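Student: Attaching a single structure in structure tokens format; questions to follow.
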Amino acid sequence: MISSELSRLADKVYGGERLTPSEALQVYREAPTSWLGRLADHVRARKHPSRIVTYIIDRNVNYTNVCVAKCNFCAFYRPVGSTEGYVLGFEELFRKIDETIAVGGVQLLLQGGHNPDLPLSWFEDLFHAIKSRYPDFKLHALSPPEVLHLSRLSQLPVPEVLRRLINAGLDSVPGGGAEILVDRVRKLLHCYGKASADEWLDVMRHAHWAGLRTTATMMYGTVETDEERLEHLLRLRALQDETGGFTAFIAWSYQPEHTELAGTEATGIDYLRTLALSRLVLDNFDNLQASWVTQGGKVGQLSLAYGANDMGSVMIEENVVRAAGASYCMDEVEIVRNIEDMGFAARRRNMHYELLGDPMFRERAVPRMMELATARVAGDTSVPAELQLYGARSRSGKASRTPPPAS
Ligand code: SF4
């Protein structure tokens, strides 16, 4: 039995009115899950009446796992000087792009740790090199904390760092590193130092002002309260009101395995409720992605009934979530099957959500990918030769780049 208050709030949503923070919290806490899903699905259908669900073929590459930020929820990073630390070479990245293009991929999602031994010029040279080899291939790269890290490392303001990266070939900015945009939470997660909530939002504001489109994310299920989860959404909504620069929102649950923070993972129901809440609160976001990488294919498919209109990336490679224990894999055939079994038409898209066409595997033969690639094959500890060209900041980095004295 739905209370008269919930019915009133549903009528507000059906009428296209914005929920207040307390109303959104009430819906999230009190509404039955299937009812909440129907409400979110109504908003999804209003924004996307053509019953098309999109996805992108791209490759999620982590250029380095060396990081000074040391977030306590992260199982991916290695400290400076670790024998398990890596930096990918330009040639390795070119090979990954070749493989991506071979399966119909259109962009690289390029993110990594905050490595003090990779200066801004390394990124500029890499982006220039990629764009001169692959002019049409897109670079969706460097989340706000990475941009901030480069700003601190180079002692240049964020707008100048963005300008230089754009000149080198940056096409758009991924919304990683947002976690929960509330400083109390960020301090507990040891990620306040890499970017406060205001700093994260400010990098995105500058990116939007510079003409870039970006995505926004949320990693929930650590130490935040319901109110803080909602505050995160409200802060994104406010920035979207201001700039209109976000193309999409992606929520995923904290993956606790092998992390310092440890704990338990949020349930699939919590994921679906959080997704539905996001669809209701983020009324100025067109696109919500299903996070099948953390939830698995079946919950990912159900997401399409709880507000999502996009299946995210086909994912040729993944390193971060896998390091924390989750390793779901779906190639394009599987993603399309999940979309079509829900009664939607599947279409490829780019980062701007422009439709690129029908599934690639129906247009030409593409190899099936039953397992995700990793940044490096196990045991490969090679150091790219071009690193010698760039100044290092850390003691171990400096030592490794100094030629041995002549005997
Ligand atoms: S989440 Fe990112 S910034 Fe934080 S420790 Fe991991 S790699 Fe570094």
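Chain identifiers are assigned as A, B, and so on, following the order in which chains appear in the structure tokens; residues are numbered from 1 within each chain, and ligands are numbered from 1 in order of appearance.
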Within 7 Å of ligand 1, counting only C-alpha atoms and all ligand atoms, which protein or nucleic acid residues do you find, written as a list in words?
Tutor: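 Written in the requested form, the residues are Asn65, Cys67, Val68, Ala69, Lys70, Cys71, Cys74, Ala75, Phe76, Tyr77, Gly112, Gly113, His114, Gly177, Cys191 and Lys194 of chain A.
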Student: Please, which residues of region 147-272 of chain A, numbered as in this document, come out strand (DSSP E) from DSSP, as a ChimeraX atom specification?
Tutor: /A:172-173,213-220,246-253
Student: Within 8 Å of Gly176 (chain A), counting only C-alpha atoms, which residues qualify if same-chain residues fewer than 3 places away don't, as a PDB file with all heavy atoms, in the first residue's frame?
Tutor:
```pdb
ATOM      1  N   SER A 143      40.736  12.168 -14.995  1.00  0.00           N
ATOM      2  CA  SER A 143      39.655  12.598 -14.107  1.00  0.00           C
ATOM      3  C   SER A 143      40.078  13.863 -13.348  1.00  0.00           C
ATOM      4  O   SER A 143      41.276  14.193 -13.294  1.00  0.00           O
ATOM      5  CB  SER A 143      39.343  11.478 -13.125  1.00  0.00           C
ATOM      6  OG  SER A 143      40.492  11.237 -12.330  1.00  0.00           O
ATOM      7  N   PRO A 144      39.139  14.589 -12.739  1.00  0.00           N
ATOM      8  CA  PRO A 144      39.488  15.847 -12.052  1.00  0.00           C
ATOM      9  C   PRO A 144      40.648  15.729 -11.061  1.00  0.00           C
ATOM     10  O   PRO A 144      41.529  16.602 -11.066  1.00  0.00           O
ATOM     11  CB  PRO A 144      38.171  16.240 -11.366  1.00  0.00           C
ATOM     12  CG  PRO A 144      37.136  15.728 -12.290  1.00  0.00           C
ATOM     13  CD  PRO A 144      37.663  14.408 -12.789  1.00  0.00           C
ATOM     14  N   GLU A 179      33.936   9.890  -5.945  1.00  0.00           N
ATOM     15  CA  GLU A 179      33.523   9.090  -4.769  1.00  0.00           C
ATOM     16  C   GLU A 179      32.225   9.685  -4.235  1.00  0.00           C
ATOM     17  O   GLU A 179      31.223   9.649  -4.917  1.00  0.00           O
ATOM     18  CB  GLU A 179      34.626   9.054  -3.693  1.00  0.00           C
ATOM     19  CG  GLU A 179      36.078   9.201  -4.131  1.00  0.00           C
ATOM     20  CD  GLU A 179      36.584   8.351  -5.264  1.00  0.00           C
ATOM     21  OE1 GLU A 179      35.871   7.456  -5.759  1.00  0.00           O
ATOM     22  OE2 GLU A 179      37.735   8.598  -5.714  1.00  0.00           O
ATOM     23  N   ALA A 216      29.957  12.279 -14.932  1.00  0.00           N
ATOM     24  CA  ALA A 216      30.013  12.392 -13.474  1.00  0.00           C
ATOM     25  C   ALA A 216      29.794  11.002 -12.893  1.00  0.00           C
ATOM     26  O   ALA A 216      29.069  10.187 -13.482  1.00  0.00           O
ATOM     27  CB  ALA A 216      28.931  13.346 -12.974  1.00  0.00           C
ATOM     28  N   THR A 217      30.433  10.724 -11.770  1.00  0.00           N
ATOM     29  CA  THR A 217      30.293   9.398 -11.171  1.00  0.00           C
ATOM     30  C   THR A 217      29.994   9.523  -9.679  1.00  0.00           C
ATOM     31  O   THR A 217      30.097  10.586  -9.091  1.00  0.00           O
ATOM     32  CB  THR A 217      31.592   8.573 -11.313  1.00  0.00           C
ATOM     33  OG1 THR A 217      32.618   9.203 -10.544  1.00  0.00           O
ATOM     34  CG2 THR A 217      32.028   8.444 -12.753  1.00  0.00           C
TER      35      THR A 217
END
```
Student: As a list in words, list the residues of region 28-65 of chain A assigned to alpha helix (DSSP H) by DSSP on the backbone atoms of this structure.
Tutor: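 Here are the alpha helix (DSSP H) residues of region 28-65 of chain A: Tyr28, Arg29, Glu30, Thr33, Ser34, Trp35, Leu36, Gly37, Arg38, Leu39, Ala40, Asp41, His42, Val43, Arg44, Ala45, Arg46 and Lys47 of chain A.
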Student: Could you make a table, as a tab-separated table, of the residues of region 99-173 of chain A that have an atom within 10 Å of an atom of region 360-367 of chain A, each with its nearest atom pair and distance in Å to one decimal, counting only C-alpha atoms, in chain and number order?
Tutor:
```
residue	atom	partner	partner_atom	distance
A:Ala102	CA	A:Val366	CA	7.5
A:Val103	CA	A:Val366	CA	5.5
A:Gly104	CA	A:Met360	CA	6.5
A:Gly105	CA	A:Met360	CA	9.4
```
Student: Can you write out the residues you just picked, keeping N, CA, C and O atoms, as a short mmCIF file (atom, residue, chain, number, x, y, z; two decimals), in the first residue's frame?
Tutor:
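again.cif was written with the following content:
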```cif
data_model
loop_
_atom_site.label_atom_id
_atom_site.label_comp_id
_atom_site.auth_asym_id
_atom_site.auth_seq_id
_atom_site.Cartn_x
_atom_site.Cartn_y
_atom_site.Cartn_z
N ALA A 102 40.40 -2.46 -33.87
CA ALA A 102 40.10 -3.72 -34.56
C ALA A 102 38.72 -4.27 -34.16
O ALA A 102 38.08 -4.97 -34.96
N VAL A 103 38.26 -3.97 -32.95
CA VAL A 103 36.92 -4.46 -32.55
C VAL A 103 35.87 -3.34 -32.65
O VAL A 103 34.79 -3.45 -32.08
N GLY A 104 36.21 -2.27 -33.36
CA GLY A 104 35.22 -1.21 -33.60
C GLY A 104 35.25 -0.11 -32.56
O GLY A 104 34.33 0.72 -32.51
N GLY A 105 36.28 -0.08 -31.72
CA GLY A 105 36.35 0.92 -30.66
C GLY A 105 36.65 2.31 -31.19
O GLY A 105 37.31 2.47 -32.21
#
```
Student: Tell me, as a PyMOL selection string, which residues lie within 7 Å of region 346-356 of chain A, counting only C-alpha atoms; anything in the same chain fewer than 2 positions away does not count.
Tutor: chain A and resi 52-56+247+336+339-340+344+358-359
Student: Neighbouring residues of His140 (chain A) were defined as those with any atom within 9 Å, considering only C-alpha atoms; residues of the same chain fewer than 6 positions away were excluded. Please report them as a list in words.
Tutor: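 Answer for this query is Gln107, Leu108, Leu109, Leu110, Gln111, Leu170, Asp171, Ser172, Val173, Pro174, Thr214 and Met351 of chain A.
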Student: Which one of A:Val147, A:Met315, A:Leu189, A:Met330 sits closest to Thr222 (chain A) if you count only C-alpha atoms?
Tutor: A:Leu189
Student: Which residues are close to Gly379 (chain A), i.e. within 12 Å by only C-alpha atoms, leaving aside same-chain residues fewer than 4 positions away? Reply as a VMD selection string.
Tutor: chain A and resid 83 to 86 374 to 375
Student: Please produce a file of the residues just selected, as an mmCIF file, in the first residue's frame, where the atoms kept are N, CA and C atoms.
Tutor:
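So the final result, stored in part-v7.cif, reads:
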```cif
data_model
loop_
_atom_site.group_PDB
_atom_site.id
_atom_site.type_symbol
_atom_site.label_atom_id
_atom_site.label_comp_id
_atom_site.auth_asym_id
_atom_site.auth_seq_id
_atom_site.Cartn_x
_atom_site.Cartn_y
_atom_site.Cartn_z
ATOM 1 N N THR A 83 58.016 -2.458 -6.489
ATOM 2 C CA THR A 83 58.428 -3.294 -7.630
ATOM 3 C C THR A 83 57.221 -3.678 -8.485
ATOM 4 N N GLU A 84 56.022 -3.495 -7.940
ATOM 5 C CA GLU A 84 54.806 -3.808 -8.721
ATOM 6 C C GLU A 84 54.256 -2.576 -9.452
ATOM 7 N N GLY A 85 54.940 -1.455 -9.317
ATOM 8 C CA GLY A 85 54.474 -0.252 -10.014
ATOM 9 C C GLY A 85 54.801 -0.340 -11.505
ATOM 10 N N TYR A 86 53.964 0.265 -12.333
ATOM 11 C CA TYR A 86 54.244 0.266 -13.779
ATOM 12 C C TYR A 86 53.843 1.613 -14.393
ATOM 13 N N THR A 374 44.385 -6.891 -19.336
ATOM 14 C CA THR A 374 44.917 -6.097 -18.218
ATOM 15 C C THR A 374 45.891 -5.060 -18.783
ATOM 16 N N ALA A 375 46.272 -4.120 -17.933
ATOM 17 C CA ALA A 375 47.200 -3.081 -18.387
ATOM 18 C C ALA A 375 48.500 -3.719 -18.862
#
```
Student: Which one is closest to Pro256 (chain A): A:Ser151, A:Ser50, A:Asn72, A:Ser3? Count only C-alpha atoms.
Tutor: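 Of the candidates, the smallest distance to Pro256 (chain A) is held by A:Asn72.
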Student: Which residue is closest to Glu224 (chain A)? Choose from A:Gln301, A:Ser253, A:Asn338, A:Thr243 and count only C-alpha atoms.
Tutor: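 Smallest distance to Glu224 (chain A) is found for A:Ser253.
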Student: Taking into account only C-alpha atoms, which residue in the set A:Glu146, A:Asp202, A:Glu91, A:Asp117 is nearest to Ala129 (chain A)?
Tutor: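 With only C-alpha atoms as the atom set, the closest residue is A:Glu91.
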Student: Identify which of the residues A:Trp200, A:Trp209, A:Tyr390, A:Tyr306 lies closest to Ala40 (chain A), counting only C-alpha atoms when measuring atom-to-atom distances.
Tutor: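 Looking only at the distances to Ala40 (chain A), the closest residue turns out to be A:Tyr306.
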Student: Do you know which residues are at most 9 Å from Leu230 (chain A) counting only C-alpha atoms, after dropping those on the same chain fewer than 3 positions away, and could you put them as a PyMOL selection string?
Tutor: chain A and resi 21+24-25+225-227+233-235+277-278+281
Student: What's the separation between CA of Lys298 (chain A) and CA of Asp310 (chain A), in Å to one decimal place?
Tutor: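 Computed distance, CA of Lys298 (chain A) to CA of Asp310 (chain A), equals 14.4 Å.
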Student: In Å to one decimal, how far is CA of Glu17 (chain A) from CA of Arg46 (chain A)?
Tutor: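 Going from CA of Arg46 (chain A) over to CA of Glu17 (chain A) covers 13.0 Å.
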Student: May I ask which of the residues A:Ala378, A:Ala373, A:Ala141, A:Val223 is the closest one to Glu265 (chain A), counting only C-alpha atoms?
Tutor: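 The shortest atom-to-atom distance to Glu265 (chain A) comes from A:Val223.
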